[in-house]
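A.B. asks: This is run_23.tsv, which holds TSV, C-alpha atoms (C1' of nucleotides):
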```
chain	number	residue	atom	x	y	z
O	695	MET	CA	17.32	0.86	3.67
O	696	LYS	CA	17.86	4.51	4.20
O	697	VAL	CA	16.76	7.91	3.01
O	698	SER	CA	19.32	9.21	0.52
O	699	ALA	CA	20.88	12.65	0.73
O	700	GLN	CA	19.07	13.68	-2.42
O	701	GLU	CA	15.70	12.62	-1.03
O	702	GLU	CA	16.23	14.42	2.21
O	703	TYR	CA	17.51	17.71	0.80
O	704	GLY	CA	14.76	17.76	-1.78
O	705	LEU	CA	12.21	17.32	0.98
O	706	ARG	CA	13.83	20.07	3.02
O	707	CYS	CA	13.68	22.58	0.21
O	708	LEU	CA	10.03	21.79	-0.35
O	709	VAL	CA	9.26	22.34	3.31
O	710	GLN	CA	10.83	25.76	3.00
O	711	LEU	CA	8.63	26.59	0.04
O	712	ALA	CA	5.59	25.24	1.86
O	713	GLY	CA	6.10	27.85	4.55
O	714	LEU	CA	5.77	30.77	2.14
O	715	LYS	CA	2.77	33.04	1.84
O	716	ASP	CA	0.86	33.40	-1.38
O	717	GLY	CA	2.85	35.16	-4.08
O	718	GLU	CA	6.21	34.76	-2.35
O	719	SER	CA	9.14	32.77	-3.69
O	720	LEU	CA	12.66	31.76	-2.72
O	721	THR	CA	15.88	31.86	-4.76
O	722	LEU	CA	18.35	29.02	-4.93
O	723	ALA	CA	20.81	31.02	-2.85
O	724	GLN	CA	18.26	31.46	-0.08
O	725	MET	CA	17.34	27.80	0.08
O	726	ALA	CA	20.95	26.65	-0.16
O	727	GLY	CA	21.95	28.96	2.65
O	728	ARG	CA	19.29	27.70	5.01
O	729	GLU	CA	20.08	24.05	4.37
O	730	GLY	CA	23.82	24.37	4.39
O	731	ILE	CA	24.33	23.08	0.87
O	732	SER	CA	25.90	24.74	-2.16
O	733	VAL	CA	23.86	26.80	-4.57
O	734	ALA	CA	24.85	24.46	-7.39
O	735	ASN	CA	23.57	21.47	-5.49
O	736	ALA	CA	20.30	23.20	-4.63
O	737	GLY	CA	19.95	24.04	-8.30
O	738	LYS	CA	20.23	20.41	-9.23
O	739	LEU	CA	17.65	19.31	-6.67
O	740	LEU	CA	15.17	22.02	-7.57
O	741	TRP	CA	15.56	21.24	-11.23
O	742	ILE	CA	14.49	17.65	-10.53
O	743	LEU	CA	11.51	18.87	-8.54
O	744	SER	CA	10.65	21.33	-11.27
O	745	LYS	CA	10.84	18.70	-13.99
O	746	ALA	CA	8.52	16.51	-11.94
O	747	GLY	CA	5.98	19.31	-11.68
O	748	LEU	CA	6.18	19.82	-7.93
O	749	VAL	CA	7.61	23.33	-8.07
O	750	GLN	CA	7.53	26.17	-10.56
O	751	SER	CA	10.16	28.79	-11.20
O	752	LEU	CA	10.41	32.32	-12.43
O	753	ARG	CA	13.59	33.59	-14.07
O	754	GLY	CA	15.01	37.04	-13.94
O	755	THR	CA	15.73	39.61	-11.30
O	756	LYS	CA	12.72	38.92	-9.12
O	757	GLY	CA	12.71	35.23	-9.87
O	758	GLY	CA	12.68	32.22	-7.60
O	759	TYR	CA	10.87	28.97	-6.83
O	760	TYR	CA	7.43	28.30	-5.44
O	761	LEU	CA	5.18	25.25	-5.08
O	762	ALA	CA	3.18	24.27	-8.13
O	763	ARG	CA	0.29	23.11	-5.93
O	764	PRO	CA	-0.93	23.81	-2.39
O	765	ALA	CA	1.25	22.06	0.20
O	766	SER	CA	-1.79	20.19	1.46
O	767	GLU	CA	-2.05	18.43	-1.90
O	768	ILE	CA	1.56	17.25	-2.12
O	769	TYR	CA	2.19	13.86	-0.53
O	770	LEU	CA	5.55	12.67	0.71
O	771	SER	CA	5.23	9.48	-1.30
O	772	GLU	CA	5.37	11.50	-4.48
O	773	ILE	CA	8.41	13.46	-3.33
O	774	ILE	CA	10.42	10.38	-2.39
O	775	ARG	CA	9.53	8.71	-5.65
O	776	VAL	CA	10.56	11.73	-7.69
O	777	MET	CA	13.86	12.33	-5.94
O	778	ASP	CA	15.45	9.02	-6.81
O	779	GLU	CA	13.76	8.48	-10.10
O	780	GLU	CA	16.83	9.95	-11.76
O	781	GLU	CA	19.18	7.09	-11.01
O	782	ILE	CA	16.54	4.52	-11.77
O	783	SER	CA	15.56	5.83	-15.18
O	784	GLY	CA	19.07	5.33	-16.50
O	785	HIS	CA	18.90	1.58	-16.10
O	786	CYS	CA	15.30	0.72	-16.72
O	787	LYS	CA	12.09	2.37	-17.74
O	788	SER	CA	9.29	0.62	-15.89
O	789	TYR	CA	8.78	-0.16	-12.25
O	790	THR	CA	9.29	-3.83	-12.97
O	791	GLY	CA	12.71	-2.89	-14.19
O	792	VAL	CA	13.61	-1.47	-10.83
O	793	LEU	CA	13.27	-4.93	-9.40
O	794	ASP	CA	15.22	-6.62	-12.13
O	795	GLU	CA	18.05	-4.31	-11.37
O	796	CYS	CA	18.76	-5.73	-7.93
O	797	VAL	CA	16.84	-9.01	-7.92
O	798	HIS	CA	17.91	-11.76	-10.21
O	799	THR	CA	15.22	-13.30	-12.28
O	800	SER	CA	14.99	-16.85	-11.01
O	801	ASP	CA	12.02	-17.90	-8.94
O	802	CYS	CA	12.62	-17.14	-5.30
O	803	GLY	CA	10.87	-15.93	-2.19
O	804	ILE	CA	12.64	-12.60	-1.96
O	805	ARG	CA	11.16	-10.69	-4.85
O	806	PRO	CA	7.75	-10.22	-3.18
O	807	VAL	CA	9.46	-9.08	0.02
O	808	ILE	CA	11.47	-6.38	-1.69
O	809	MET	CA	8.37	-5.29	-3.54
O	810	SER	CA	6.29	-5.26	-0.38
O	811	ILE	CA	8.83	-3.21	1.51
O	812	HIS	CA	8.65	-0.51	-1.13
O	813	GLU	CA	4.87	-0.64	-1.07
O	814	ILE	CA	4.74	-0.27	2.69
O	815	VAL	CA	6.96	2.79	2.58
O	816	GLN	CA	5.00	4.40	-0.23
O	817	GLU	CA	1.70	3.71	1.43
O	818	SER	CA	2.80	5.16	4.76
O	819	LEU	CA	4.16	8.27	3.11
O	820	SER	CA	1.00	8.74	1.08
O	821	LYS	CA	-0.77	9.66	4.31
O	822	ILE	CA	1.42	12.66	5.02
O	823	THR	CA	1.33	15.97	3.17
O	824	LEU	CA	3.92	18.71	2.95
O	825	ALA	CA	1.61	21.02	4.83
O	826	GLN	CA	1.91	18.79	7.88
O	827	LEU	CA	5.66	19.27	8.05
O	828	VAL	CA	5.66	23.01	8.46
O	829	GLY	CA	6.37	24.10	12.00
O	830	SER	CA	8.55	23.21	14.95
O	831	GLU	CA	9.94	19.72	15.47
O	832	LYS	CA	7.78	19.20	18.53
O	833	ASN	CA	4.55	20.09	16.78
O	834	VAL	CA	5.26	18.03	13.71
O	835	ASP	CA	6.12	15.02	15.83
O	836	ALA	CA	2.81	15.33	17.63
O	837	THR	CA	0.93	15.62	14.35
O	838	LEU	CA	2.56	12.56	12.87
O	839	HIS	CA	1.64	10.40	15.82
O	840	GLN	CA	-2.00	11.17	15.30
O	841	ILE	CA	-1.98	9.73	11.84
O	842	GLN	CA	-3.41	6.28	11.82
O	843	SER	CA	-0.59	4.29	10.29
O	844	PHE	CA	2.00	5.83	12.55
O	845	GLN	CA	-0.03	5.17	15.63
O	846	SER	CA	-0.72	1.51	14.96
O	847	ARG	CA	2.94	0.58	15.08
O	848	ARG	CA	2.98	1.20	18.82
O	849	ASP	CA	1.01	-1.96	19.44
O	850	ALA	CA	3.74	-4.23	18.19
O	851	GLU	CA	7.23	-4.67	19.53
O	852	ALA	CA	10.21	-4.20	17.26
O	853	HIS	CA	12.27	-7.35	17.15
P	577	MET	CA	14.76	4.85	-0.09
P	578	LYS	CA	15.77	1.50	-1.40
P	579	VAL	CA	17.08	-1.85	-0.30
P	580	SER	CA	20.86	-1.86	-0.71
P	581	ALA	CA	22.75	-4.62	-2.49
P	582	GLN	CA	24.31	-5.68	0.77
P	583	GLU	CA	20.94	-6.01	2.48
P	584	GLU	CA	19.47	-8.00	-0.32
P	585	TYR	CA	22.31	-10.45	-0.83
P	586	GLY	CA	22.58	-10.99	2.91
P	587	LEU	CA	18.90	-11.81	3.02
P	588	ARG	CA	19.25	-14.17	0.07
P	589	CYS	CA	22.04	-16.15	1.68
P	590	LEU	CA	20.01	-16.48	4.86
P	591	VAL	CA	17.04	-17.80	2.91
P	592	GLN	CA	19.31	-20.45	1.46
P	593	LEU	CA	20.44	-21.49	4.92
P	594	ALA	CA	16.85	-21.48	6.14
P	595	GLY	CA	16.04	-24.17	3.60
P	596	LEU	CA	18.57	-26.63	5.03
P	597	LYS	CA	17.73	-29.69	7.07
P	598	ASP	CA	19.06	-30.14	10.58
P	599	GLY	CA	22.80	-30.73	10.63
P	600	GLU	CA	23.40	-29.54	7.08
P	601	SER	CA	25.48	-26.53	6.09
P	602	LEU	CA	26.53	-24.57	3.00
P	603	THR	CA	29.96	-23.32	1.98
P	604	LEU	CA	30.67	-19.84	0.69
P	605	ALA	CA	31.23	-21.24	-2.79
P	606	GLN	CA	27.82	-22.91	-2.81
P	607	MET	CA	25.97	-19.79	-1.70
P	608	ALA	CA	27.92	-17.51	-4.02
P	609	GLY	CA	27.20	-19.78	-6.96
P	610	ARG	CA	23.47	-19.82	-6.37
P	611	GLU	CA	23.23	-16.04	-5.97
P	612	GLY	CA	25.54	-15.14	-8.82
P	613	ILE	CA	28.01	-13.24	-6.67
P	614	SER	CA	31.72	-13.85	-6.06
P	615	VAL	CA	32.96	-16.07	-3.27
P	616	ALA	CA	34.87	-13.13	-1.82
P	617	ASN	CA	31.76	-11.03	-1.67
P	618	ALA	CA	29.75	-13.83	-0.07
P	619	GLY	CA	32.52	-14.20	2.47
P	620	LYS	CA	32.20	-10.58	3.45
P	621	LEU	CA	28.42	-10.76	3.80
P	622	LEU	CA	28.46	-13.96	5.81
P	623	TRP	CA	31.11	-12.56	8.07
P	624	ILE	CA	28.81	-9.65	8.93
P	625	LEU	CA	25.96	-12.05	9.62
P	626	SER	CA	28.25	-14.22	11.69
P	627	LYS	CA	29.52	-11.28	13.73
P	628	ALA	CA	25.93	-10.29	14.40
P	629	GLY	CA	25.11	-13.76	15.70
P	630	LEU	CA	22.64	-14.73	12.99
P	631	VAL	CA	24.74	-17.55	11.52
P	632	GLN	CA	27.44	-19.85	12.82
P	633	SER	CA	30.34	-21.29	10.91
P	634	LEU	CA	32.58	-24.30	10.99
P	635	ARG	CA	36.06	-24.11	9.53
P	636	GLY	CA	37.96	-26.88	7.86
P	637	THR	CA	37.32	-29.48	5.23
P	638	LYS	CA	33.70	-30.21	6.07
P	639	GLY	CA	32.99	-26.69	7.21
P	640	GLY	CA	30.30	-24.24	6.17
P	641	TYR	CA	27.60	-21.93	7.47
P	642	TYR	CA	24.30	-22.63	9.19
P	643	LEU	CA	21.71	-20.57	11.03
P	644	ALA	CA	22.43	-19.83	14.68
P	645	ARG	CA	18.71	-20.04	15.51
P	646	PRO	CA	15.62	-21.61	13.95
P	647	ALA	CA	14.45	-19.68	10.89
P	648	SER	CA	11.10	-19.10	12.56
P	649	GLU	CA	12.84	-17.01	15.23
P	650	ILE	CA	14.76	-14.73	12.91
P	651	TYR	CA	12.88	-11.57	11.88
P	652	LEU	CA	13.60	-9.57	8.76
P	653	SER	CA	13.83	-6.39	10.81
P	654	GLU	CA	16.92	-7.76	12.51
P	655	ILE	CA	18.52	-8.78	9.23
P	656	ILE	CA	18.04	-5.40	7.59
P	657	ARG	CA	19.36	-3.63	10.65
P	658	VAL	CA	22.45	-5.81	10.81
P	659	MET	CA	23.34	-5.57	7.14
P	660	ASP	CA	23.85	-1.83	7.03
P	661	GLU	CA	25.10	-1.38	10.53
P	662	GLU	CA	28.63	-1.53	9.16
P	663	GLU	CA	28.59	1.79	7.36
P	664	ILE	CA	26.77	3.43	10.20
P	665	SER	CA	29.11	2.35	12.99
P	666	GLY	CA	32.03	4.17	11.41
P	667	HIS	CA	30.48	7.59	11.87
P	668	CYS	CA	28.44	7.30	15.00
P	669	LYS	CA	27.74	4.89	17.78
P	670	SER	CA	24.14	5.36	18.83
P	671	TYR	CA	20.92	5.38	16.87
P	672	THR	CA	20.58	9.08	17.49
P	673	GLY	CA	23.85	9.45	15.67
P	674	VAL	CA	22.41	7.93	12.56
P	675	LEU	CA	20.08	10.87	12.32
P	676	ASP	CA	22.73	13.47	13.05
P	677	GLU	CA	24.68	12.10	10.15
P	678	CYS	CA	22.24	13.20	7.47
P	679	VAL	CA	19.96	15.64	9.29
P	680	HIS	CA	21.36	18.91	10.45
P	681	THR	CA	20.74	19.76	14.03
P	682	SER	CA	18.52	22.80	13.91
P	683	ASP	CA	14.89	22.50	14.85
P	684	CYS	CA	12.81	21.46	11.89
P	685	GLY	CA	9.89	19.30	10.91
P	686	ILE	CA	11.85	16.74	8.98
P	687	ARG	CA	13.68	14.87	11.69
P	688	PRO	CA	10.57	13.11	13.01
P	689	VAL	CA	9.61	12.11	9.48
P	690	ILE	CA	12.93	10.46	8.74
P	691	MET	CA	12.76	8.73	12.09
P	692	SER	CA	9.18	7.60	11.52
P	693	ILE	CA	9.97	6.19	8.11
P	694	HIS	CA	12.62	3.97	9.62
P	695	GLU	CA	10.27	2.92	12.38
P	696	ILE	CA	7.54	1.98	9.92
P	697	VAL	CA	9.90	-0.18	7.93
P	698	GLN	CA	11.28	-1.89	11.00
P	699	GLU	CA	7.86	-2.54	12.42
P	700	SER	CA	6.57	-4.03	9.20
P	701	LEU	CA	9.58	-6.27	8.82
P	702	SER	CA	9.32	-7.43	12.42
P	703	LYS	CA	6.19	-9.33	11.45
P	704	ILE	CA	7.96	-11.56	8.93
P	705	THR	CA	10.33	-14.39	9.75
P	706	LEU	CA	12.93	-16.08	7.60
P	707	ALA	CA	10.92	-19.28	7.70
P	708	GLN	CA	8.14	-17.54	5.78
P	709	LEU	CA	10.43	-16.80	2.85
P	710	VAL	CA	11.33	-20.38	2.03
P	711	GLY	CA	9.51	-21.70	-1.00
P	712	SER	CA	8.39	-20.60	-4.42
P	713	GLU	CA	7.70	-17.00	-5.29
P	714	LYS	CA	4.01	-17.65	-5.64
P	715	ASN	CA	3.64	-19.27	-2.24
P	716	VAL	CA	5.66	-16.64	-0.45
P	717	ASP	CA	3.65	-13.87	-2.04
P	718	ALA	CA	0.44	-15.50	-0.85
P	719	THR	CA	1.82	-15.88	2.67
P	720	LEU	CA	2.90	-12.26	2.88
P	721	HIS	CA	-0.50	-10.97	1.89
P	722	GLN	CA	-2.08	-12.77	4.80
P	723	ILE	CA	0.04	-10.88	7.30
P	724	GLN	CA	-1.90	-8.07	8.86
P	725	SER	CA	0.33	-5.11	8.12
P	726	PHE	CA	0.70	-6.04	4.50
P	727	GLN	CA	-2.98	-6.47	4.02
P	728	SER	CA	-4.07	-3.16	5.51
P	729	ARG	CA	-2.21	-1.18	2.89
P	730	ARG	CA	-4.67	-2.26	0.23
P	731	ASP	CA	-7.35	0.02	1.67
P	732	ALA	CA	-5.52	3.20	0.83
P	733	GLU	CA	-4.51	4.52	-2.55
P	734	ALA	CA	-0.91	5.33	-3.28
P	735	HIS	CA	-0.58	8.96	-4.25
K	1088	DG	C1'	51.77	-34.76	11.07
K	1089	DC	C1'	50.63	-33.62	6.45
K	1090	DT	C1'	47.35	-32.03	3.07
K	1091	DA	C1'	43.28	-30.18	1.20
K	1092	DA	C1'	39.28	-27.66	2.11
K	1093	DT	C1'	37.23	-23.87	4.34
K	1094	DC	C1'	36.49	-19.80	7.04
K	1095	DT	C1'	38.83	-15.05	8.67
K	1096	DT	C1'	40.59	-10.57	8.09
K	1097	DG	C1'	42.55	-6.37	6.40
K	1098	DA	C1'	44.01	-3.82	2.39
K	1099	DC	C1'	43.03	-2.68	-2.19
K	1100	DT	C1'	40.30	-1.72	-6.58
K	1101	DT	C1'	36.34	-0.57	-8.93
K	1102	DA	C1'	31.66	1.32	-9.59
K	1103	DA	C1'	28.03	4.47	-8.19
K	1104	DA	C1'	26.26	8.39	-5.80
K	1105	DA	C1'	26.88	13.05	-4.39
K	1106	DG	C1'	28.39	17.36	-5.12
K	1107	DT	C1'	30.88	21.14	-8.00
K	1108	DA	C1'	31.97	24.16	-11.92
K	1109	DA	C1'	31.03	26.71	-15.80
K	1110	DG	C1'	28.76	28.46	-19.67
K	1111	DG	C1'	24.09	29.33	-21.50
K	1112	DT	C1'	19.41	31.49	-21.44
K	1113	DA	C1'	15.61	34.17	-19.91
K	1114	DT	C1'	13.64	38.17	-17.24
K	1115	DG	C1'	12.99	42.69	-15.11
K	1116	DA	C1'	14.80	47.29	-13.98
K	1117	DT	C1'	17.10	51.34	-15.28
J	1025	DA	C1'	19.24	48.69	-25.22
J	1026	DT	C1'	21.95	47.28	-21.63
J	1027	DC	C1'	23.04	45.28	-17.37
J	1028	DA	C1'	22.42	42.65	-13.31
J	1029	DT	C1'	19.95	38.82	-11.47
J	1030	DA	C1'	18.64	34.21	-11.39
J	1031	DC	C1'	17.27	29.93	-13.51
J	1032	DC	C1'	18.88	25.92	-16.88
J	1033	DT	C1'	21.89	22.31	-18.45
J	1034	DT	C1'	25.92	19.53	-19.25
J	1035	DA	C1'	30.28	17.92	-17.97
J	1036	DC	C1'	33.55	17.12	-14.44
J	1037	DT	C1'	35.47	16.06	-9.62
J	1038	DT	C1'	35.05	14.21	-5.20
J	1039	DT	C1'	33.31	11.05	-1.98
J	1040	DT	C1'	31.24	6.86	-0.53
J	1041	DA	C1'	29.57	2.22	-1.13
J	1042	DA	C1'	30.38	-2.21	-3.32
J	1043	DG	C1'	33.16	-5.70	-4.53
J	1044	DT	C1'	37.91	-8.06	-5.03
J	1045	DC	C1'	42.41	-9.89	-3.68
J	1046	DA	C1'	45.64	-12.15	-1.02
J	1047	DA	C1'	47.68	-13.89	3.06
J	1048	DG	C1'	46.51	-16.07	7.53
J	1049	DA	C1'	44.10	-19.47	10.56
J	1050	DT	C1'	41.40	-23.66	11.57
J	1051	DT	C1'	39.54	-28.28	10.95
J	1052	DA	C1'	38.74	-33.16	8.90
J	1053	DG	C1'	40.55	-36.92	6.90
J	1054	DC	C1'	44.27	-39.67	5.45
```
Reformat the file's structure so that it appears as structure tokens.
C.D. replies:
Amino acid sequence: MKVSAQEEYGLRCLVQLAGLKDGESLTLAQMAGREGISVANAGKLLWILSKAGLVQSLRGTKGGYYLARPASEIYLSEIIRVMDEEEISGHCKSYTGVLDECVHTSDCGIRPVIMSIHEIVQESLSKITLAQLVGSEKNVDATLHQIQSFQSRRDAEAH
Amino acid sequence: MKVSAQEEYGLRCLVQLAGLKDGESLTLAQMAGREGISVANAGKLLWILSKAGLVQSLRGTKGGYYLARPASEIYLSEIIRVMDEEEISGHCKSYTGVLDECVHTSDCGIRPVIMSIHEIVQESLSKITLAQLVGSEKNVDATLHQIQSFQSRRDAEAH
DNA sequence: GCTAATCTTGACTTAAAAGTAAGGTATGAT
DNA sequence: ATCATACCTTACTTTTAAGTCAAGATTAGC
């Protein structure tokens, strides 16, 4: 249960774009440089984000990438879902198929758990927008802890 | 962000053991057969669980595996953590290290998000015990939806 | 004590994810 | 028009996770 490299780098590039002013854009080379990944790799990630409609691009000399919507209207749940949709779509088309991939079909108590885990993650991430991730680590951390779902976890102990 | 094969199969084997009566045990071959995996693979998974103290084993002719504690005292959070500790331990020792592995060290708004995602998952799973996963799919699903953290998610829409 | 059943452990093989390379296509400036 | 810039797309290589193999060690029953 971990965040994949593709998910994380995709998120990082989006945060960069979220910090831009209106009318500005960033090239692949710029984003790759700041994240320490290759231009080719950044190109792949941004292409996925572009295909999903989260970013738009402009070709040519003054080209680059920019967000397709305001950062305050892009939720992390959507980003995470988009970034690993690639590998999923090869094996199965629907969301039910995702389960059939790793869960065998006989009746058992585990299927609802796997499903619930994914729902919990998606639901938690649907409360955070890209706009809330722009800024210093300290500020973002403070912001996150004011969001309801993140705060409630403090009541319970982790076993 | 998905449940790995290792996590899922480990969980499945534990559910099998949780369904045993006192004094009973299961061999690798029995568990492997029921889950549709090879005996060798089951051996690897059970060894991890054994090393972590979740199961105990008995060698020899009448040997097999059984839970080290009552199923009602084993939380899913612990299982998930144990099952992918292997890959983590090779690169870094502490939990901080897990983050340094995939997050570069400069100040940014993403580190707390990655950390929070893991915390949310752990906290949610710490409310479910192995004992609650024994039974038919329908019953387990009903049980899960009565647990507080799973129920609260229904209020919000998934974006 | 011998044998058969079973867990233990490390090395190896295979499959999947991540990342790279290269050629193609569109755009803007001169 | 031509050239330089930068995005687009497919195929390939590398790396990592998953799964397998085989030899060793332990126990129960005869």
A.B. asks: Which chain P residues are at most 6 Å from chain K (counting all atoms listed in the file), as a list in words?
C.D. replies: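 That gives Arg635, Gly636, Thr637 and Gly639 of chain P for chain P.
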A.B. asks: Give the padded box for segment 1027-1032 of chain J as AutoDock Vina command-line options: axis-aligned, covering all atoms listed in the file, 6 Å on each side, centre and edge lengths in Å to one decimal.
C.D. replies:
```
--center_x 20.2 --center_y 35.6 --center_z -14.4 --size_x 17.8 --size_y 31.4 --size_z 18.0
```
A.B. asks: Enumerate, in order of chain and increasing residue number, the residues of chain J with an atom no farther than 9 Å from chain O, each with its shortest atom pair and distance in Å to one decimal, counting only C-alpha atoms (C1' of nucleotides), as a tab-separated table.
C.D. replies:
```
residue	atom	partner	partner_atom	distance
J:DA1028	C1'	O:Thr755	CA	7.6
J:DT1029	C1'	O:Thr755	CA	4.3
J:DA1030	C1'	O:Gly754	CA	5.3
J:DC1031	C1'	O:Arg753	CA	5.2
J:DC1032	C1'	O:Trp741	CA	8.1
```
A.B. asks: What does the file look like for those residues with C-alpha atoms (C1' of nucleotides), as a PDB file, in the frame of the given file?
C.D. replies:
```pdb
ATOM      1  C1'  DA J1028      22.420  42.650 -13.310  1.00  0.00           C
ATOM      2  C1'  DT J1029      19.950  38.820 -11.470  1.00  0.00           C
ATOM      3  C1'  DA J1030      18.640  34.210 -11.390  1.00  0.00           C
ATOM      4  C1'  DC J1031      17.270  29.930 -13.510  1.00  0.00           C
ATOM      5  C1'  DC J1032      18.880  25.920 -16.880  1.00  0.00           C
TER       6       DC J1032
END
```
A.B. asks: What separation in Å, quoted to one decimal, exists between atom CA of Glu718 of chain O and atom CA of Leu743 of chain O?
C.D. replies: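 Separation between atom CA of Glu718 of chain O and atom CA of Leu743 of chain O: 17.9 Å.
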A.B. asks: When you draw a straight line from atom CA of Glu779 of chain O to atom C1' of DT1040 of chain J, how long is it in Å?
C.D. replies: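 One can read the atom CA of Glu779 of chain O to atom C1' of DT1040 of chain J distance as 20.0 Å.
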A.B. asks: State, in Å with one decimal place, the distance from atom CA of Glu729 of chain O to atom CA of Met777 of chain O.
C.D. replies: 16.8 Å
A.B. asks: Excluding Met695 of chain O and its own-chain neighbours fewer than 2 positions away, which residues fall within 12 Å of it when counting all atoms listed in the file? Please give them as a PyMOL selection string.
C.D. replies: (chain O and resi 697-698+808+811-812+815) or (chain P and resi 577-584+653+655-661+663-664+690+693-698+701)
A.B. asks: For chain P, which of O:Leu824, O:Ala746, O:Ala734, O:Leu711 is the closest residue, counting only C-alpha atoms?
C.D. replies: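 Smallest distance to chain P is found for O:Leu824.
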A.B. asks: Leaving out Met725 of chain O and any residue of its chain fewer than 2 positions from it, which residues lie within 12 Å of it when counting all atoms listed in the file, given as a PDB file with C-alpha atoms, in the frame of the given file?
C.D. replies:
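part28.pdb, written as the output of this step:
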```pdb
ATOM      1  CA  TYR O 703      17.510  17.710   0.800  1.00  0.00           C
ATOM      2  CA  GLY O 704      14.760  17.760  -1.780  1.00  0.00           C
ATOM      3  CA  LEU O 705      12.210  17.320   0.980  1.00  0.00           C
ATOM      4  CA  ARG O 706      13.830  20.070   3.020  1.00  0.00           C
ATOM      5  CA  CYS O 707      13.680  22.580   0.210  1.00  0.00           C
ATOM      6  CA  LEU O 708      10.030  21.790  -0.350  1.00  0.00           C
ATOM      7  CA  VAL O 709       9.260  22.340   3.310  1.00  0.00           C
ATOM      8  CA  GLN O 710      10.830  25.760   3.000  1.00  0.00           C
ATOM      9  CA  LEU O 711       8.630  26.590   0.040  1.00  0.00           C
ATOM     10  CA  SER O 719       9.140  32.770  -3.690  1.00  0.00           C
ATOM     11  CA  LEU O 720      12.660  31.760  -2.720  1.00  0.00           C
ATOM     12  CA  THR O 721      15.880  31.860  -4.760  1.00  0.00           C
ATOM     13  CA  LEU O 722      18.350  29.020  -4.930  1.00  0.00           C
ATOM     14  CA  ALA O 723      20.810  31.020  -2.850  1.00  0.00           C
ATOM     15  CA  GLY O 727      21.950  28.960   2.650  1.00  0.00           C
ATOM     16  CA  ARG O 728      19.290  27.700   5.010  1.00  0.00           C
ATOM     17  CA  GLU O 729      20.080  24.050   4.370  1.00  0.00           C
ATOM     18  CA  GLY O 730      23.820  24.370   4.390  1.00  0.00           C
ATOM     19  CA  ILE O 731      24.330  23.080   0.870  1.00  0.00           C
ATOM     20  CA  SER O 732      25.900  24.740  -2.160  1.00  0.00           C
ATOM     21  CA  VAL O 733      23.860  26.800  -4.570  1.00  0.00           C
ATOM     22  CA  ALA O 734      24.850  24.460  -7.390  1.00  0.00           C
ATOM     23  CA  ASN O 735      23.570  21.470  -5.490  1.00  0.00           C
ATOM     24  CA  ALA O 736      20.300  23.200  -4.630  1.00  0.00           C
ATOM     25  CA  GLY O 737      19.950  24.040  -8.300  1.00  0.00           C
ATOM     26  CA  LEU O 739      17.650  19.310  -6.670  1.00  0.00           C
ATOM     27  CA  LEU O 740      15.170  22.020  -7.570  1.00  0.00           C
ATOM     28  CA  GLY O 758      12.680  32.220  -7.600  1.00  0.00           C
ATOM     29  CA  TYR O 759      10.870  28.970  -6.830  1.00  0.00           C
ATOM     30  CA  TYR O 760       7.430  28.300  -5.440  1.00  0.00           C
TER      31      TYR O 760
END
```
A.B. asks: Nearest residue to chain O out of P:Asp598, P:Ser702, P:His721, P:Ile650, using only C-alpha atoms?
C.D. replies: P:Ser702
A.B. asks: Take the point (2.8, 26.0, -6.9) in the file's coordinates, draw a sphere of radius 8 Å around it, and report as a PyMOL selection string every protein, DNA or RNA residue with an atom inside or on it, counting all atoms listed in the file.
C.D. replies: chain O and resi 748-750+760-764
A.B. asks: Of the candidates P:Ala608, P:Tyr651, P:Met691, P:Ala707, which shows the shortest atom-to-atom distance to chain O, using only C-alpha atoms?
C.D. replies: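 Using only C-alpha atoms, chain O sits closest to P:Tyr651.
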A.B. asks: Show which residues sit within 12 Å of segment 711-714 of chain P, as a PDB file with C-alpha atoms, in the frame of the given file. Count only C-alpha atoms (C1' of nucleotides), and ignore same-chain residues fewer than 2 positions away.
C.D. replies:
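Result written to selection21.pdb:
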```pdb
ATOM      1  CA  THR O 799      15.220 -13.300 -12.280  1.00  0.00           C
ATOM      2  CA  SER O 800      14.990 -16.850 -11.010  1.00  0.00           C
ATOM      3  CA  ASP O 801      12.020 -17.900  -8.940  1.00  0.00           C
ATOM      4  CA  CYS O 802      12.620 -17.140  -5.300  1.00  0.00           C
ATOM      5  CA  GLY O 803      10.870 -15.930  -2.190  1.00  0.00           C
ATOM      6  CA  ILE O 804      12.640 -12.600  -1.960  1.00  0.00           C
ATOM      7  CA  ARG O 805      11.160 -10.690  -4.850  1.00  0.00           C
ATOM      8  CA  PRO O 806       7.750 -10.220  -3.180  1.00  0.00           C
ATOM      9  CA  VAL O 807       9.460  -9.080   0.020  1.00  0.00           C
ATOM     10  CA  ILE O 808      11.470  -6.380  -1.690  1.00  0.00           C
ATOM     11  CA  MET O 809       8.370  -5.290  -3.540  1.00  0.00           C
TER      12      MET O 809
ATOM     13  CA  VAL P 591      17.040 -17.800   2.910  1.00  0.00           C
ATOM     14  CA  GLN P 592      19.310 -20.450   1.460  1.00  0.00           C
ATOM     15  CA  ALA P 594      16.850 -21.480   6.140  1.00  0.00           C
ATOM     16  CA  GLY P 595      16.040 -24.170   3.600  1.00  0.00           C
ATOM     17  CA  LEU P 596      18.570 -26.630   5.030  1.00  0.00           C
ATOM     18  CA  LEU P 706      12.930 -16.080   7.600  1.00  0.00           C
ATOM     19  CA  ALA P 707      10.920 -19.280   7.700  1.00  0.00           C
ATOM     20  CA  GLN P 708       8.140 -17.540   5.780  1.00  0.00           C
ATOM     21  CA  LEU P 709      10.430 -16.800   2.850  1.00  0.00           C
ATOM     22  CA  VAL P 716       5.660 -16.640  -0.450  1.00  0.00           C
ATOM     23  CA  ASP P 717       3.650 -13.870  -2.040  1.00  0.00           C
ATOM     24  CA  ALA P 718       0.440 -15.500  -0.850  1.00  0.00           C
ATOM     25  CA  THR P 719       1.820 -15.880   2.670  1.00  0.00           C
ATOM     26  CA  LEU P 720       2.900 -12.260   2.880  1.00  0.00           C
ATOM     27  CA  HIS P 721      -0.500 -10.970   1.890  1.00  0.00           C
TER      28      HIS P 721
END
```
